[in-house]
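Asks: If you scroll down you'll find the structure; I have some questions about it.
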Amino acid sequence: MTRPQKRIGDDPSVRRPEALSRALDRAGAVLDWLWRARGEDLHHLEGEEPALFVGNHSGGPLALFEPLLLAHLARRSGIAVAMLPFLLLHEIMWRTPLAPLLARLGAVRASPDNANTILARGGRVLVYPGGDREPFRPFRDRDRIELGDRRGYVKLAIRHGVPIVPIVTTGLQSGFVCLSDGRALAERFPLARFFRVGVLPITLSFPFGLWLGLPPPYVPLFVRARVRALPPIHFTRAGERAASDEAYV
């Protein structure tokens with residue numbers, strides 16, 4: 001009896017570190033030009049022990065490049081590409097022609113099964129719990145981290161007894177102006193529901209000006225990004241029982 005073939009994005013073994021290295025060779029200069037970014041304390045990404053890395057989203061549609069920017073800065077700091085965590089990636093990206101490439105770069109479909117599998121095997125995972133709403137928070141909140149009431153990543157870390165390593169990115173959100181995230185519009189728009197997108201933002205950016213809906217990649221002006229890794233957060237309890245204790249979570 002043959003095993004059913006896994007969907008693209010559900011097989012971590014497809015990852016090819018050399019593919020990510022080539023992508024960084026090509027994209028590094030562009031990332032530097034766009035954001036003039038610098039990394040701080042990225043030594044917290046080093047090591048082989050299992051861990052859950054938790055990042056915040058910024059920059060609207062350019063948030064898609066945050067994991068690549070992190071990898072670029074980490075490699076510049078001397079961290080081997082093969083040691084970087086797997087990225088849990090939103091479902092919408094697995095419905096594009098880029099899906100096979102993303103899998104080779106080290107991304108997996110954002111699902112509890114994939115996260116549990118990687119951590120159970122002693123792997124390392126990078127997740128952005130803010131989803132599609134955080135990148136389109138209002139401009140007045142550009143320097144805030146807004147993960148909402150999502151706590152699944154905390155339960156995931158506790159369940160597997162691994163630390164959480166926060167990865168904070170600042171600056172990207174200043175490259176455009178988000179007037180509204182358009183949640184009410186998205187609830188009424190069938191195509192948005194199909195792609196599991198909870199926002200239809202109203203934005204102002206260069207060179208597109210005022211835009212309704214998910215904007216195309218824009219040119220960030222006068223932006224300097226910082227990416228900083230914070231010390232690991234260790235938990236005093238672990239296992240399924242602790243992860244199910246809402247008060248502890």
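By convention here, the chains of the structure tokens are called A, B, ... in the order presented, each chain's residues are numbered starting at 1, and ligands are numbered starting at 1 in the order presented.
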For Arg226 (chain A), work out the shell of residues within 9 Å, counting only C-alpha atoms and skipping chain neighbours fewer than 3 positions away, then give it as a list in words.

Replies: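 Contacts, in chain order: Trp35, Arg36, Ala37, Arg38, Gly39, Glu40, Val168, Thr169, Thr170, Gly171 and Leu172 of chain A.
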
Asks: Determine which residues of region 200-249 of chain A receive a DSSP assignment of alpha helix (DSSP H), computed from the backbone, and state them as a list of chain:residue names.

Replies: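 DSSP on the backbone gives alpha helix (DSSP H) at A:Glu240, A:Arg241, A:Ala242, A:Ala243.
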
Asks: Can you work out which one of A:Val14, A:Leu230, A:Leu214, A:Leu52 has the shortest atom-to-atom distance to Gly106 (chain A), counting only C-alpha atoms?

Replies: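 For Gly106 (chain A), the nearest of the given residues is A:Val14.
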
Asks: Considering only C-alpha atoms, return as number ranges by chain whatever protein or nucleic-acid residues lie within 8 Å of Pro166 (chain A), sequence-local ones (same chain, fewer than 6 positions apart) excluded.

Replies: A: 53-55, 229-232

Asks: Next, write the just-selected residues to a file, as an mmCIF file, in the first residue's frame, keeping N, CA and C atoms as the atom set.

Replies:
data_model
loop_
_atom_site.group_PDB
_atom_site.id
_atom_site.type_symbol
_atom_site.label_atom_id
_atom_site.label_comp_id
_atom_site.auth_asym_id
_atom_site.auth_seq_id
_atom_site.Cartn_x
_atom_site.Cartn_y
_atom_site.Cartn_z
ATOM 1 N N PHE A 53 10.810 30.388 17.484
ATOM 2 C CA PHE A 53 11.142 31.782 17.252
ATOM 3 C C PHE A 53 9.858 32.516 16.851
ATOM 4 N N VAL A 54 9.559 33.604 17.541
ATOM 5 C CA VAL A 54 8.301 34.318 17.338
ATOM 6 C C VAL A 54 8.609 35.740 16.895
ATOM 7 N N GLY A 55 8.150 36.102 15.691
ATOM 8 C CA GLY A 55 8.408 37.421 15.149
ATOM 9 C C GLY A 55 7.147 38.248 15.007
ATOM 10 N N ALA A 229 17.076 40.045 18.046
ATOM 11 C CA ALA A 229 16.673 38.816 18.730
ATOM 12 C C ALA A 229 16.830 39.029 20.230
ATOM 13 N N LEU A 230 15.826 38.632 20.981
ATOM 14 C CA LEU A 230 15.846 38.777 22.430
ATOM 15 C C LEU A 230 16.194 37.444 23.093
ATOM 16 N N PRO A 231 16.602 37.478 24.359
ATOM 17 C CA PRO A 231 16.958 36.235 25.053
ATOM 18 C C PRO A 231 15.784 35.258 25.100
ATOM 19 N N PRO A 232 16.067 33.976 25.105
ATOM 20 C CA PRO A 232 14.995 32.966 25.146
ATOM 21 C C PRO A 232 14.141 33.081 26.401
#

Asks: For CA of Leu210 (chain A) and CA of Pro61 (chain A), quote the distance in Å rounded to one decimal.

Replies: 14.6 Å

Asks: Extract the full set of strand (DSSP E or B) residues from region 35-241 of chain A according to DSSP on the backbone, and format it as an MDAnalysis selection string.

Replies: chainID A and resid 38:40 51:55 86:89 107:109 124:127 164:170 177:180 202:205 209:212 226:229 233

Asks: Those same residues - C-alpha atoms - I'd like them written as a PDB file, in the first residue's frame.

Replies:
ATOM      1  CA  ARG A  38      20.922  46.122  10.801  1.00  0.00           C
ATOM      2  CA  GLY A  39      20.680  43.108  13.057  1.00  0.00           C
ATOM      3  CA  GLU A  40      21.236  43.080  16.795  1.00  0.00           C
ATOM      4  CA  ALA A  51      13.129  26.358  19.917  1.00  0.00           C
ATOM      5  CA  LEU A  52      10.175  28.425  18.766  1.00  0.00           C
ATOM      6  CA  PHE A  53      11.142  31.782  17.252  1.00  0.00           C
ATOM      7  CA  VAL A  54       8.301  34.318  17.338  1.00  0.00           C
ATOM      8  CA  GLY A  55       8.408  37.421  15.149  1.00  0.00           C
ATOM      9  CA  PHE A  86      11.738  26.452   9.403  1.00  0.00           C
ATOM     10  CA  LEU A  87       9.228  29.185   8.575  1.00  0.00           C
ATOM     11  CA  LEU A  88       5.512  28.603   9.126  1.00  0.00           C
ATOM     12  CA  LEU A  89       3.951  30.346   6.120  1.00  0.00           C
ATOM     13  CA  ALA A 107       9.077  27.245   4.530  1.00  0.00           C
ATOM     14  CA  VAL A 108       6.270  24.906   5.554  1.00  0.00           C
ATOM     15  CA  ARG A 109       2.535  25.363   5.613  1.00  0.00           C
ATOM     16  CA  ARG A 124      13.367  24.814  15.159  1.00  0.00           C
ATOM     17  CA  VAL A 125      10.384  26.842  13.955  1.00  0.00           C
ATOM     18  CA  LEU A 126       9.796  30.508  13.107  1.00  0.00           C
ATOM     19  CA  VAL A 127       6.237  31.843  13.335  1.00  0.00           C
ATOM     20  CA  ILE A 164      10.359  31.095  22.845  1.00  0.00           C
ATOM     21  CA  VAL A 165      12.930  33.379  21.243  1.00  0.00           C
ATOM     22  CA  PRO A 166      11.332  36.756  20.315  1.00  0.00           C
ATOM     23  CA  ILE A 167      12.461  38.345  17.034  1.00  0.00           C
ATOM     24  CA  VAL A 168      11.528  42.039  16.914  1.00  0.00           C
ATOM     25  CA  THR A 169      11.471  43.984  13.636  1.00  0.00           C
ATOM     26  CA  THR A 170      10.986  47.747  13.648  1.00  0.00           C
ATOM     27  CA  VAL A 177       0.603  54.655   5.537  1.00  0.00           C
ATOM     28  CA  CYS A 178      -2.253  52.325   6.455  1.00  0.00           C
ATOM     29  CA  LEU A 179      -5.479  54.248   7.027  1.00  0.00           C
ATOM     30  CA  SER A 180      -7.660  51.225   7.821  1.00  0.00           C
ATOM     31  CA  ILE A 202      -6.887  51.230   2.658  1.00  0.00           C
ATOM     32  CA  THR A 203      -3.281  52.357   2.211  1.00  0.00           C
ATOM     33  CA  LEU A 204      -1.161  55.210   0.911  1.00  0.00           C
ATOM     34  CA  SER A 205       2.231  54.352  -0.595  1.00  0.00           C
ATOM     35  CA  GLY A 209      -0.934  56.452  -3.935  1.00  0.00           C
ATOM     36  CA  LEU A 210      -4.285  55.662  -2.344  1.00  0.00           C
ATOM     37  CA  TRP A 211      -5.128  51.970  -2.655  1.00  0.00           C
ATOM     38  CA  LEU A 212      -8.083  49.816  -1.595  1.00  0.00           C
ATOM     39  CA  ARG A 226      16.224  47.010  12.818  1.00  0.00           C
ATOM     40  CA  VAL A 227      15.921  43.300  13.561  1.00  0.00           C
ATOM     41  CA  ARG A 228      16.765  42.232  17.086  1.00  0.00           C
ATOM     42  CA  ALA A 229      16.673  38.816  18.730  1.00  0.00           C
ATOM     43  CA  ILE A 233      11.909  32.765  27.339  1.00  0.00           C
TER      44      ILE A 233
END

Asks: One decimal, in Å: what's the spacing between CA of Arg144 (chain A) and CA of Ser174 (chain A)?

Replies: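 Distance reported for this atom pair: 11.7 Å.
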
Asks: Residues near Ala63 (chain A), anyone? I mean within 12 Å using only C-alpha atoms, not counting same-chain ones fewer than 3 positions away, as a PyMOL selection string.

Replies: chain A and resi 55-60+66-70+89-90+128+130-136+169-173+175-176+215-218+220

Asks: Between A:Asp32, A:Glu146, A:Asp10, A:Glu48, which residue has the minimum interatomic distance to Arg104 (chain A), considering only C-alpha atoms?

Replies: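 So, comparing all the options, the nearest one is A:Asp10.
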
Asks: To one decimal place in Å, what is the distance between CA of Gly182 (chain A) and CA of Ile145 (chain A)?

Replies: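 So the two atoms, CA of Gly182 (chain A) and CA of Ile145 (chain A), lie 18.6 Å apart.
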
Asks: Have a look at A:Val199, A:Gly123, A:Met93, A:Asp245 and name the one nearest to Ser13 (chain A); count only C-alpha atoms.

Replies: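 Of A:Val199, A:Gly123, A:Met93, A:Asp245, the one nearest Ser13 (chain A), counting only C-alpha atoms, is A:Gly123.
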
Asks: Would you pick out the contacts of Val154 (chain A) at 9 Å or less, using only C-alpha atoms, so that residues sharing its chain but fewer than 5 positions from it are not included, and give the list as a list in words?

Replies: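 The residues that qualify are Arg159, Ile164, Ala243 and Val249 of chain A.
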
Asks: For Asp141 (chain A), which of A:Met83, A:Ala29, A:Asp181, A:Leu42 is the closest residue, counting only C-alpha atoms?

Replies: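 Checking each of A:Met83, A:Ala29, A:Asp181, A:Leu42 against Asp141 (chain A), counting only C-alpha atoms, the winner is A:Asp181.
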
Asks: Kindly indicate which residue among A:Ala225, A:Leu24, A:Ala103, A:Leu119 lies nearest to Ile8 (chain A), using only C-alpha atoms for the distances.

Replies: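 Among A:Ala225, A:Leu24, A:Ala103, A:Leu119, it is A:Ala103 that comes nearest to Ile8 (chain A).
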